[in-house]
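This is start_22.txt (compact mmCIF, C-alpha atoms).
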# COMPACT_ATOMS: atom_id res chain seq x y z
CA MET A 1 -19.20 -3.97 -3.05
CA VAL A 2 -15.55 -3.19 -2.50
CA VAL A 3 -13.52 -6.05 -1.07
CA GLY A 4 -10.87 -4.28 0.99
CA LEU A 5 -7.41 -5.43 1.97
CA GLY A 6 -7.65 -8.78 3.73
CA GLU A 7 -11.43 -9.08 3.33
CA LEU A 8 -13.79 -11.78 2.05
CA LYS A 9 -17.16 -10.78 0.65
CA TYR A 10 -20.17 -12.56 -0.81
CA ALA A 11 -22.99 -11.30 -3.02
CA ASP A 12 -26.07 -12.93 -4.50
CA GLN A 13 -28.31 -10.11 -5.66
CA PRO A 14 -28.81 -9.18 -9.33
CA GLY A 15 -26.80 -6.09 -10.23
CA GLN A 16 -24.30 -6.61 -7.43
CA GLU A 17 -20.63 -6.48 -8.20
CA LEU A 18 -17.64 -7.55 -6.12
CA THR A 19 -14.52 -5.45 -6.65
CA CYS A 20 -10.88 -5.42 -5.57
CA LEU A 21 -9.41 -1.99 -6.33
CA GLY A 22 -5.77 -1.25 -7.13
CA LEU A 23 -4.31 -4.70 -6.59
CA GLY A 24 -0.54 -4.77 -6.62
CA SER A 25 1.15 -7.74 -4.99
CA CYS A 26 -2.19 -8.79 -3.47
CA VAL A 27 -4.20 -11.54 -5.17
CA ALA A 28 -7.95 -11.45 -5.74
CA VAL A 29 -9.67 -14.84 -5.70
CA SER A 30 -12.91 -14.44 -7.63
CA VAL A 31 -15.46 -17.24 -7.42
CA TRP A 32 -18.76 -17.52 -9.23
CA ASP A 33 -21.48 -20.06 -8.58
CA ARG A 34 -23.39 -20.28 -11.85
CA LYS A 35 -26.16 -22.48 -10.44
CA ASN A 36 -27.05 -20.23 -7.51
CA LYS A 37 -26.00 -16.96 -9.16
CA GLN A 38 -23.81 -16.01 -6.26
CA GLY A 39 -20.25 -14.77 -6.11
CA ALA A 40 -17.44 -14.38 -3.64
CA MET A 41 -14.14 -12.59 -3.64
CA ALA A 42 -11.09 -12.64 -1.36
CA HIS A 43 -8.44 -9.92 -1.26
CA VAL A 44 -5.32 -11.82 -0.18
CA VAL A 45 -2.44 -9.68 1.13
CA LEU A 46 0.03 -12.21 2.54
CA PRO A 47 0.81 -15.86 1.77
CA GLU A 48 0.64 -17.56 5.13
CA CYS A 49 -0.42 -17.11 8.70
CA THR A 50 2.67 -17.99 10.69
CA ALA A 51 2.67 -19.06 14.34
CA GLY A 52 1.55 -16.43 16.81
CA ARG A 53 -0.50 -14.44 14.33
CA GLU A 54 -4.25 -14.17 14.37
CA PRO A 55 -5.72 -16.22 11.49
CA THR A 56 -7.53 -13.63 9.36
CA PRO A 57 -8.44 -13.67 5.67
CA LYS A 58 -5.53 -11.39 4.80
CA PHE A 59 -3.55 -14.65 4.64
CA ALA A 60 -4.00 -17.00 1.65
CA ASP A 61 -4.01 -20.09 3.86
CA VAL A 62 -6.93 -18.67 5.84
CA ALA A 63 -8.87 -16.86 3.09
CA VAL A 64 -9.08 -19.64 0.52
CA PRO A 65 -10.41 -22.44 2.79
CA GLU A 66 -12.82 -20.01 4.49
CA LEU A 67 -14.10 -18.73 1.15
CA PHE A 68 -15.04 -22.19 -0.10
CA GLU A 69 -16.32 -23.40 3.27
CA ASN A 70 -18.73 -20.46 3.40
CA LEU A 71 -19.81 -20.95 -0.20
CA LYS A 72 -20.57 -24.60 0.56
CA LYS A 73 -22.76 -23.46 3.46
CA LYS A 74 -24.55 -21.18 1.01
CA GLY A 75 -25.38 -24.18 -1.17
CA ALA A 76 -22.52 -24.12 -3.66
CA ASN A 77 -20.88 -27.23 -5.03
CA PRO A 78 -17.14 -26.39 -4.96
CA THR A 79 -16.38 -28.50 -8.03
CA GLN A 80 -18.83 -26.46 -10.13
CA LEU A 81 -17.50 -23.04 -9.30
CA GLU A 82 -15.74 -20.72 -11.72
CA ILE A 83 -12.52 -19.59 -10.04
CA LYS A 84 -10.45 -16.74 -11.47
CA LEU A 85 -7.26 -15.23 -10.06
CA VAL A 86 -6.00 -11.67 -10.55
CA GLY A 87 -3.02 -9.72 -9.15
CA GLY A 88 0.24 -10.90 -7.63
CA ALA A 89 2.30 -8.24 -9.42
CA HIS A 90 5.91 -7.61 -8.60
CA MET A 91 5.68 -4.24 -6.84
CA ALA A 92 8.68 -4.30 -4.47
CA PRO A 93 11.11 -1.43 -4.94
CA ALA A 94 14.14 -2.50 -6.96
CA ALA A 95 16.35 -1.26 -4.16
CA ALA A 96 14.96 -3.69 -1.65
CA PRO A 97 16.41 -7.05 -2.77
CA SER A 98 17.15 -8.28 0.72
CA MET A 99 13.78 -7.49 2.19
CA PRO A 100 11.78 -10.56 3.22
CA LEU A 101 8.73 -9.58 1.19
CA MET A 102 10.68 -9.01 -2.02
CA ARG A 103 8.79 -11.79 -3.85
CA ILE A 104 5.51 -11.12 -2.12
CA GLY A 105 3.39 -11.07 -5.30
CA GLU A 106 4.84 -14.36 -6.49
CA ARG A 107 4.51 -15.91 -3.05
CA ASN A 108 0.87 -14.83 -2.82
CA ILE A 109 0.16 -16.51 -6.17
CA GLU A 110 1.92 -19.71 -5.09
CA ALA A 111 0.11 -19.74 -1.76
CA VAL A 112 -3.35 -19.23 -3.30
CA LYS A 113 -2.76 -21.96 -5.90
CA ALA A 114 -1.43 -24.33 -3.22
CA GLN A 115 -4.57 -23.81 -1.16
CA LEU A 116 -6.81 -24.42 -4.18
CA LYS A 117 -4.87 -27.59 -4.94
CA LYS A 118 -5.39 -28.81 -1.37
CA LEU A 119 -9.12 -28.44 -1.92
CA GLY A 120 -8.92 -30.24 -5.28
CA LEU A 121 -9.74 -27.03 -7.16
CA ARG A 122 -8.09 -24.96 -9.85
CA ALA A 123 -8.63 -21.62 -11.53
CA ILE A 124 -10.16 -21.55 -15.01
CA ALA A 125 -8.61 -18.17 -15.85
CA GLU A 126 -5.97 -15.89 -14.43
CA ASP A 127 -4.30 -12.52 -14.94
CA LEU A 128 -1.29 -12.74 -12.65
CA GLY A 129 2.21 -11.35 -12.21
CA GLY A 130 3.71 -8.51 -14.22
CA ASN A 131 4.42 -5.21 -12.54
CA ASN A 132 1.26 -3.17 -12.88
CA GLY A 133 -1.66 -2.53 -10.59
CA ARG A 134 -5.06 -4.00 -11.45
CA THR A 135 -8.70 -3.54 -10.54
CA VAL A 136 -10.94 -6.60 -10.86
CA ARG A 137 -14.73 -6.77 -10.89
CA LEU A 138 -17.09 -9.75 -10.72
CA ASP A 139 -20.69 -9.30 -11.84
CA VAL A 140 -22.53 -11.85 -9.69
CA GLU A 141 -25.49 -12.12 -12.07
CA SER A 142 -23.56 -12.89 -15.25
CA GLY A 143 -20.30 -14.18 -13.76
CA ARG A 144 -18.41 -11.77 -15.97
CA VAL A 145 -14.98 -10.83 -14.60
CA THR A 146 -13.26 -7.71 -15.90
CA VAL A 147 -9.76 -6.44 -15.24
CA VAL A 148 -8.43 -2.90 -15.66
CA THR A 149 -4.83 -1.75 -15.35
CA ALA A 150 -3.86 1.92 -14.94
CA GLY A 151 -4.58 3.84 -18.12
CA THR A 152 -6.05 0.90 -20.07
CA GLU A 153 -9.51 -0.25 -21.11
CA LYS A 154 -11.11 -3.05 -19.15
CA THR A 155 -10.73 -6.56 -20.50
CA ASN A 156 -12.82 -9.66 -19.89
CA LEU A 157 -11.14 -12.53 -18.11
CA MET B 1 -5.61 -7.27 16.34
CA LEU B 2 -2.10 -8.49 15.86
CA GLN B 3 0.51 -8.83 18.56
CA GLN B 4 -0.01 -7.13 21.89
CA PRO B 5 -0.21 -3.46 20.88
CA THR B 6 2.71 -1.32 21.99
CA LYS B 7 1.57 1.03 24.75
CA PHE B 8 2.81 4.59 24.53
CA THR B 9 2.26 7.31 27.10
CA ASN B 10 0.53 10.51 25.99
CA SER B 11 3.83 12.29 26.40
CA GLN B 12 5.56 9.76 24.10
CA LEU B 13 2.84 10.04 21.45
CA SER B 14 2.92 13.81 21.57
CA SER B 15 6.72 13.82 21.33
CA TRP B 16 6.58 11.38 18.40
CA ASP B 17 4.15 13.64 16.52
CA GLU B 18 6.38 16.64 17.20
CA LEU B 19 9.43 14.69 16.06
CA ILE B 20 7.99 13.55 12.74
CA THR B 21 6.41 16.96 12.11
CA GLU B 22 9.78 18.64 12.57
CA ALA B 23 11.45 15.94 10.45
CA ALA B 24 8.89 16.44 7.67
CA LYS B 25 9.29 20.23 7.80
CA ASN B 26 13.07 19.86 7.59
CA SER B 27 12.78 17.54 4.63
CA ILE B 28 10.51 20.00 2.80
CA GLN B 29 12.91 22.82 3.63
CA ALA B 30 15.72 20.71 2.18
CA LEU B 31 13.98 20.85 -1.19
CA SER B 32 14.89 24.53 -1.28
CA ASP B 33 18.58 23.63 -1.27
CA MET B 34 18.03 21.02 -3.95
CA SER B 35 16.08 23.28 -6.28
CA GLY B 36 17.59 26.66 -5.41
CA GLN B 37 14.04 27.92 -4.85
CA ASP B 38 12.34 29.10 -1.70
CA ILE B 39 10.15 26.12 -0.92
CA LYS B 40 8.22 26.26 2.35
CA SER B 41 5.68 24.05 4.08
CA SER B 42 2.29 25.61 4.78
CA LEU B 43 0.82 22.55 6.48
CA VAL B 44 2.41 19.51 8.08
CA LYS B 45 -0.15 17.52 10.02
CA PRO B 46 0.39 14.01 11.42
CA TYR B 47 -2.56 11.67 11.75
CA LYS B 48 -3.10 8.03 12.66
CA ILE B 49 -4.81 5.62 10.33
CA ASP B 50 -5.65 1.93 10.00
CA VAL B 51 -3.23 0.31 7.55
CA THR B 52 -6.12 -1.05 5.48
CA ASP B 53 -7.55 2.48 5.08
CA ILE B 54 -4.35 3.98 3.65
CA PRO B 55 -5.32 3.69 -0.05
CA ASN B 56 -8.79 5.18 0.64
CA SER B 57 -7.26 8.09 2.53
CA LEU B 58 -5.26 8.91 -0.59
CA GLY B 59 -8.28 9.14 -2.85
CA GLY B 60 -8.97 5.45 -3.48
CA ALA B 61 -6.95 2.32 -4.22
CA ASP B 62 -7.60 2.52 -7.96
CA LYS B 63 -6.86 6.23 -8.31
CA VAL B 64 -3.75 6.78 -10.41
CA ALA B 65 -0.98 8.53 -8.50
CA VAL B 66 2.74 9.10 -8.60
CA GLY B 67 4.59 7.56 -5.67
CA VAL B 68 8.14 8.01 -4.52
CA LEU B 69 8.94 5.15 -2.16
CA LEU B 70 11.83 4.68 0.18
CA GLY B 71 12.57 1.81 2.50
CA ILE B 72 14.98 1.77 5.38
CA GLU B 73 18.12 -0.32 5.11
CA GLN B 74 17.91 -3.55 7.11
CA ILE B 75 14.45 -2.66 8.41
CA PRO B 76 11.58 -4.10 6.36
CA SER B 77 8.79 -2.55 8.42
CA PHE B 78 9.51 1.16 7.97
CA HIS B 79 8.50 2.87 4.75
CA ILE B 80 8.40 6.45 3.58
CA ALA B 81 6.20 7.33 0.64
CA LEU B 82 5.51 10.63 -1.07
CA ILE B 83 2.21 10.43 -2.90
CA HIS B 84 0.91 13.03 -5.36
CA SER B 85 -1.69 13.04 -8.07
CA PRO B 86 -0.03 12.92 -11.53
CA LYS B 87 -0.95 16.59 -12.13
CA THR B 88 0.60 17.60 -8.82
CA ALA B 89 3.69 15.48 -9.47
CA TYR B 90 4.19 17.33 -12.78
CA GLN B 91 3.83 20.60 -10.84
CA VAL B 92 6.46 19.39 -8.37
CA VAL B 93 8.84 18.62 -11.24
CA ASP B 94 8.26 22.14 -12.61
CA ILE B 95 9.13 23.60 -9.20
CA LEU B 96 12.21 21.40 -8.73
CA MET B 97 13.55 22.06 -12.21
CA GLY B 98 12.69 25.76 -12.17
CA TYR B 99 10.36 25.34 -15.15
CA GLU B 100 7.41 27.56 -15.85
CA SER B 101 4.23 26.07 -14.36
CA GLY B 102 2.55 23.67 -16.77
CA THR B 103 5.75 22.72 -18.61
CA THR B 104 5.88 19.12 -17.39
CA VAL B 105 3.09 16.96 -18.83
CA GLY B 106 4.43 13.43 -18.36
CA LEU B 107 7.07 11.36 -16.65
CA GLY B 108 10.18 10.70 -18.71
CA GLU B 109 13.61 9.68 -17.51
CA MET B 110 14.54 13.19 -16.36
CA GLU B 111 11.28 13.77 -14.51
CA ILE B 112 11.54 10.39 -12.76
CA SER B 113 15.11 11.21 -11.83
CA ALA B 114 14.03 14.59 -10.38
CA LEU B 115 11.29 12.97 -8.31
CA GLY B 116 13.70 10.26 -7.18
CA GLU B 117 16.18 12.90 -6.09
CA MET B 118 13.39 14.64 -4.23
CA GLY B 119 12.74 11.34 -2.42
CA ASN B 120 16.44 11.00 -1.62
CA ILE B 121 16.65 14.49 -0.19
CA MET B 122 13.37 14.38 1.74
CA GLY B 123 13.91 10.87 3.06
CA GLY B 124 17.49 11.62 4.01
CA TYR B 125 16.61 14.81 5.88
CA PHE B 126 13.64 13.16 7.52
CA LEU B 127 15.75 10.31 8.88
CA ASN B 128 18.66 12.60 9.76
CA THR B 129 16.32 14.68 11.91
CA ILE B 130 15.17 11.54 13.71
CA GLY B 131 18.80 10.47 14.13
CA ASP B 132 19.92 13.88 15.41
CA LYS B 133 17.09 14.08 17.94
CA THR B 134 17.03 10.50 19.16
CA GLY B 135 20.42 9.01 18.36
CA TYR B 136 18.60 6.27 16.43
CA GLU B 137 20.29 6.01 13.05
CA LEU B 138 18.27 5.00 10.01
CA LYS B 139 19.50 4.91 6.41
CA PRO B 140 17.10 5.16 3.47
CA THR B 141 17.25 2.80 0.51
CA PRO B 142 17.47 4.38 -2.96
CA PRO B 143 14.06 5.73 -4.04
CA SER B 144 11.65 4.01 -6.35
CA VAL B 145 9.35 6.19 -8.49
CA ARG B 146 6.24 4.83 -10.14
CA MET B 147 2.95 5.96 -11.60
CA ASP B 148 0.21 3.43 -11.03
CA MET B 149 -2.94 2.83 -9.01
CA THR B 150 -2.42 4.09 -5.45
CA GLY B 151 -3.23 0.71 -3.92
CA ALA B 152 -0.70 -1.02 -6.15
CA ILE B 153 2.02 1.55 -5.42
CA LEU B 154 1.63 1.00 -1.69
CA ASP B 155 0.86 -2.74 -1.69
CA TYR B 156 4.39 -3.78 -0.83
CA ALA B 157 4.63 -1.38 2.10
CA ILE B 158 1.12 -2.26 3.28
CA ALA B 159 1.81 -6.00 3.10
CA SER B 160 4.93 -5.67 5.22
CA LEU B 161 3.13 -3.46 7.75
CA MET B 162 0.14 -5.80 7.95
CA MET B 163 2.51 -8.47 9.25
CA GLU B 164 3.11 -6.32 12.32
CA THR B 165 0.53 -3.63 12.88
CA ASP B 166 -3.00 -2.37 12.28
CA GLU B 167 -2.26 1.36 12.55
CA VAL B 168 0.40 3.78 11.25
CA THR B 169 1.11 7.51 11.19
CA MET B 170 0.78 9.54 8.03
CA ILE B 171 1.60 13.20 7.49
CA GLU B 172 -0.50 15.48 5.32
CA ALA B 173 1.75 18.11 3.79
CA LYS B 174 1.25 21.25 1.74
CA TYR B 175 4.32 22.94 0.39
CA GLY B 176 5.66 24.93 -2.49
CA THR B 177 6.93 28.29 -3.57
CA ALA B 178 5.11 31.59 -3.14
CA GLU B 179 3.74 31.15 -6.67
CA ALA B 180 2.82 27.46 -6.59
CA GLN B 181 1.59 25.41 -3.65
CA VAL B 182 1.12 21.67 -3.96
CA ASP B 183 -0.72 19.11 -1.82
CA GLY B 184 0.93 15.84 -1.05
CA VAL B 185 0.97 13.09 1.48
CA PHE B 186 4.15 12.20 3.25
CA ALA B 187 3.44 8.72 4.52
CA VAL B 188 5.73 7.66 7.32
CA MET B 189 5.01 4.08 8.12
CA PRO B 190 7.06 2.52 10.93
CA SER B 191 5.84 -0.55 12.78
CA PRO B 192 4.90 0.17 16.42
CA GLU B 193 7.85 -1.97 17.52
CA LEU B 194 10.32 0.22 15.67
CA GLN B 195 8.51 3.36 16.80
CA SER B 196 8.88 2.09 20.35
CA GLN B 197 12.61 1.49 19.86
CA ILE B 198 13.09 5.02 18.53
CA ILE B 199 11.12 6.58 21.39
CA THR B 200 13.00 4.48 23.94
CA SER B 201 16.31 5.46 22.36
CA TRP B 202 15.20 9.08 22.67
CA GLY B 203 14.52 8.65 26.39
CA VAL B 204 11.00 10.14 26.39
CA LYS B 205 8.90 8.67 29.25

What would the structure in this file look like if it were written as structure tokens?
Amino acid sequence: MVVGLGELKYADQPGQELTCLGLGSCVAVSVWDRKNKQGAMAHVVLPECTAGREPTPKFADVAVPELFENLKKKGANPTQLEIKLVGGAHMAPAAAPSMPLMRIGERNIEAVKAQLKKLGLRAIAEDLGGNNGRTVRLDVESGRVTVVTAGTEKTNL
Amino acid sequence: MLQQPTKFTNSQLSSWDELITEAAKNSIQALSDMSGQDIKSSLVKPYKIDVTDIPNSLGGADKVAVGVLLGIEQIPSFHIALIHSPKTAYQVVDILMGYESGTTVGLGEMEISALGEMGNIMGGYFLNTIGDKTGYELKPTPPSVRMDMTGAILDYAIASLMMETDEVTMIEAKYGTAEAQVDGVFAVMPSPELQSQIITSWGVK
């Protein structure tokens, strides 16, 4: 199942995989519930939902609380979840130093971590920053998370 | 949906499509001057698309592509991107440099420079056409060239657009010399607010 820009998805069937393709400055929040063999993934595009904007999961401050709230409803204990973060690369053109989203990758990472902290949670593994695109996959049966960057072999996270 | 969507009349939308089609054709024609070769467009077709579908429309977010990206000075919500597959980008370099087809097989400093110059020329002519027709002046930032996953190349532009809009206009373009045609996508991504300002400045009702 592909988790598109600004989406949250859940999976609990053997053989199912949650995937964020071609992440640049976006951050994927991958969560695995070992006990119930279920997984969830958020594809965060922007750090915060400012006043006047519709609160959708494209924002870190909407996606992260919603992700864990929904997992709780599905029987997960938030303190026993395996959380992994991928993405947040620096992709802004070098010629755009004054643009407001210049540090968007970094700001997405900070926003996701701040939301996890608010919930008393933290990631057990991360592949963040840099300046390359990434594709991340979560196998909901095994909990295995793999990351691929352009032109490289996949690695386990 | 985001803010109240900007309402355009059919006449304004049709004029906008004509404007960006002409601007794209002019920018492709300008490549002839740059390369000294007779480069012509065989297809320039504008289409509307949801911002979140942009990577899929270009073959998939994880498909490796070569992107030439330009921003607009002082305006964070208007981006121009030229997207080609790596193979096509090498073909473009061959055309621009007057090399025999198949000569370029990777992106070194010179090839990146050639593609960047192509972005400069195309972006400049594109925006000049808009300026000439509407009186709305826009200056491109220097180009940025990168080979990466399509989604990653466009993430920055998509993130800034997703702050303001759900839908943008893209232009499918085919161009080249009589001997070698290439397919590319000329993504023109202004926010509806800016699009509205340009149309208003133009005086189309």

**OP:** Please provide the set of residues having any atom within 7 Å of region 19-28 of chain A, restricted to only C-alpha atoms, with same-chain residues fewer than 2 positions apart removed, written as a PyMOL selection string.
**Re:** (chain A and resi 1-4+17+30+41-45+85-91+104-105+108-109+132-138) or (chain B and resi 61-62+149-153+155-156)

Would you export the selected residues with C-alpha atoms as a short mmCIF file (atom, residue, chain, number, x, y, z; two decimals), keeping the file's coordinate frame, please?
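Output (part-v9.cif):
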data_model
loop_
_atom_site.label_atom_id
_atom_site.label_comp_id
_atom_site.auth_asym_id
_atom_site.auth_seq_id
_atom_site.Cartn_x
_atom_site.Cartn_y
_atom_site.Cartn_z
CA MET A 1 -19.20 -3.97 -3.05
CA VAL A 2 -15.55 -3.19 -2.50
CA VAL A 3 -13.52 -6.05 -1.07
CA GLY A 4 -10.87 -4.28 0.99
CA GLU A 17 -20.63 -6.48 -8.20
CA SER A 30 -12.91 -14.44 -7.63
CA MET A 41 -14.14 -12.59 -3.64
CA ALA A 42 -11.09 -12.64 -1.36
CA HIS A 43 -8.44 -9.92 -1.26
CA VAL A 44 -5.32 -11.82 -0.18
CA VAL A 45 -2.44 -9.68 1.13
CA LEU A 85 -7.26 -15.23 -10.06
CA VAL A 86 -6.00 -11.67 -10.55
CA GLY A 87 -3.02 -9.72 -9.15
CA GLY A 88 0.24 -10.90 -7.63
CA ALA A 89 2.30 -8.24 -9.42
CA HIS A 90 5.91 -7.61 -8.60
CA MET A 91 5.68 -4.24 -6.84
CA ILE A 104 5.51 -11.12 -2.12
CA GLY A 105 3.39 -11.07 -5.30
CA ASN A 108 0.87 -14.83 -2.82
CA ILE A 109 0.16 -16.51 -6.17
CA ASN A 132 1.26 -3.17 -12.88
CA GLY A 133 -1.66 -2.53 -10.59
CA ARG A 134 -5.06 -4.00 -11.45
CA THR A 135 -8.70 -3.54 -10.54
CA VAL A 136 -10.94 -6.60 -10.86
CA ARG A 137 -14.73 -6.77 -10.89
CA LEU A 138 -17.09 -9.75 -10.72
CA ALA B 61 -6.95 2.32 -4.22
CA ASP B 62 -7.60 2.52 -7.96
CA MET B 149 -2.94 2.83 -9.01
CA THR B 150 -2.42 4.09 -5.45
CA GLY B 151 -3.23 0.71 -3.92
CA ALA B 152 -0.70 -1.02 -6.15
CA ILE B 153 2.02 1.55 -5.42
CA ASP B 155 0.86 -2.74 -1.69
CA TYR B 156 4.39 -3.78 -0.83
#

**OP:** Using all atoms listed in the file, select each residue of chain B with any atom at most 9 Å away from an atom of chain A, and give the selection as a PyMOL selection string.
**Re:** chain B and resi 1-3+52-53+55+60-64+69-76+141-145+147-160+162-163

Those residues you just picked out, can you put them in a file as a short mmCIF file (atom, residue, chain, number, x, y, z; two decimals), keeping the file's coordinate frame with C-alpha atoms?
data_model
loop_
_atom_site.label_atom_id
_atom_site.label_comp_id
_atom_site.auth_asym_id
_atom_site.auth_seq_id
_atom_site.Cartn_x
_atom_site.Cartn_y
_atom_site.Cartn_z
CA MET B 1 -5.61 -7.27 16.34
CA LEU B 2 -2.10 -8.49 15.86
CA GLN B 3 0.51 -8.83 18.56
CA THR B 52 -6.12 -1.05 5.48
CA ASP B 53 -7.55 2.48 5.08
CA PRO B 55 -5.32 3.69 -0.05
CA GLY B 60 -8.97 5.45 -3.48
CA ALA B 61 -6.95 2.32 -4.22
CA ASP B 62 -7.60 2.52 -7.96
CA LYS B 63 -6.86 6.23 -8.31
CA VAL B 64 -3.75 6.78 -10.41
CA LEU B 69 8.94 5.15 -2.16
CA LEU B 70 11.83 4.68 0.18
CA GLY B 71 12.57 1.81 2.50
CA ILE B 72 14.98 1.77 5.38
CA GLU B 73 18.12 -0.32 5.11
CA GLN B 74 17.91 -3.55 7.11
CA ILE B 75 14.45 -2.66 8.41
CA PRO B 76 11.58 -4.10 6.36
CA THR B 141 17.25 2.80 0.51
CA PRO B 142 17.47 4.38 -2.96
CA PRO B 143 14.06 5.73 -4.04
CA SER B 144 11.65 4.01 -6.35
CA VAL B 145 9.35 6.19 -8.49
CA MET B 147 2.95 5.96 -11.60
CA ASP B 148 0.21 3.43 -11.03
CA MET B 149 -2.94 2.83 -9.01
CA THR B 150 -2.42 4.09 -5.45
CA GLY B 151 -3.23 0.71 -3.92
CA ALA B 152 -0.70 -1.02 -6.15
CA ILE B 153 2.02 1.55 -5.42
CA LEU B 154 1.63 1.00 -1.69
CA ASP B 155 0.86 -2.74 -1.69
CA TYR B 156 4.39 -3.78 -0.83
CA ALA B 157 4.63 -1.38 2.10
CA ILE B 158 1.12 -2.26 3.28
CA ALA B 159 1.81 -6.00 3.10
CA SER B 160 4.93 -5.67 5.22
CA MET B 162 0.14 -5.80 7.95
CA MET B 163 2.51 -8.47 9.25
#

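Comparing B:Pro140, B:Ser42, B:Ser35, B:Phe8 by their smallest distance to Asn128 (chain B), the closest is B:Pro140 (using only C-alpha atoms).
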
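Between Trp32 (chain A) and the candidates A:Glu48, A:Glu66, A:Glu106, A:Asp12, the tightest atom-to-atom separation, counting all atoms listed in the file, involves A:Asp12.
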
**OP:** Choose the residue, out of B:Arg146, B:Lys139, B:Lys40, B:Lys133, that has the smallest atom-to-atom separation from Leu82 (chain B); count all atoms listed in the file.
**Re:**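 Closest to Leu82 (chain B), using all atoms listed in the file: B:Arg146.
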
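Compared by their closest atoms to Gly203 (chain B), and using only C-alpha atoms, the residues B:Ser15, B:Asn56, B:Gln29, B:Thr21 rank with B:Ser15 nearest.
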
Subject >> Residue with smallest distance to Gln13 (chain A) - pool A:Val140, A:Leu67, A:Leu116, A:Leu128, counting all atoms listed in the file >> reply: A:Val140
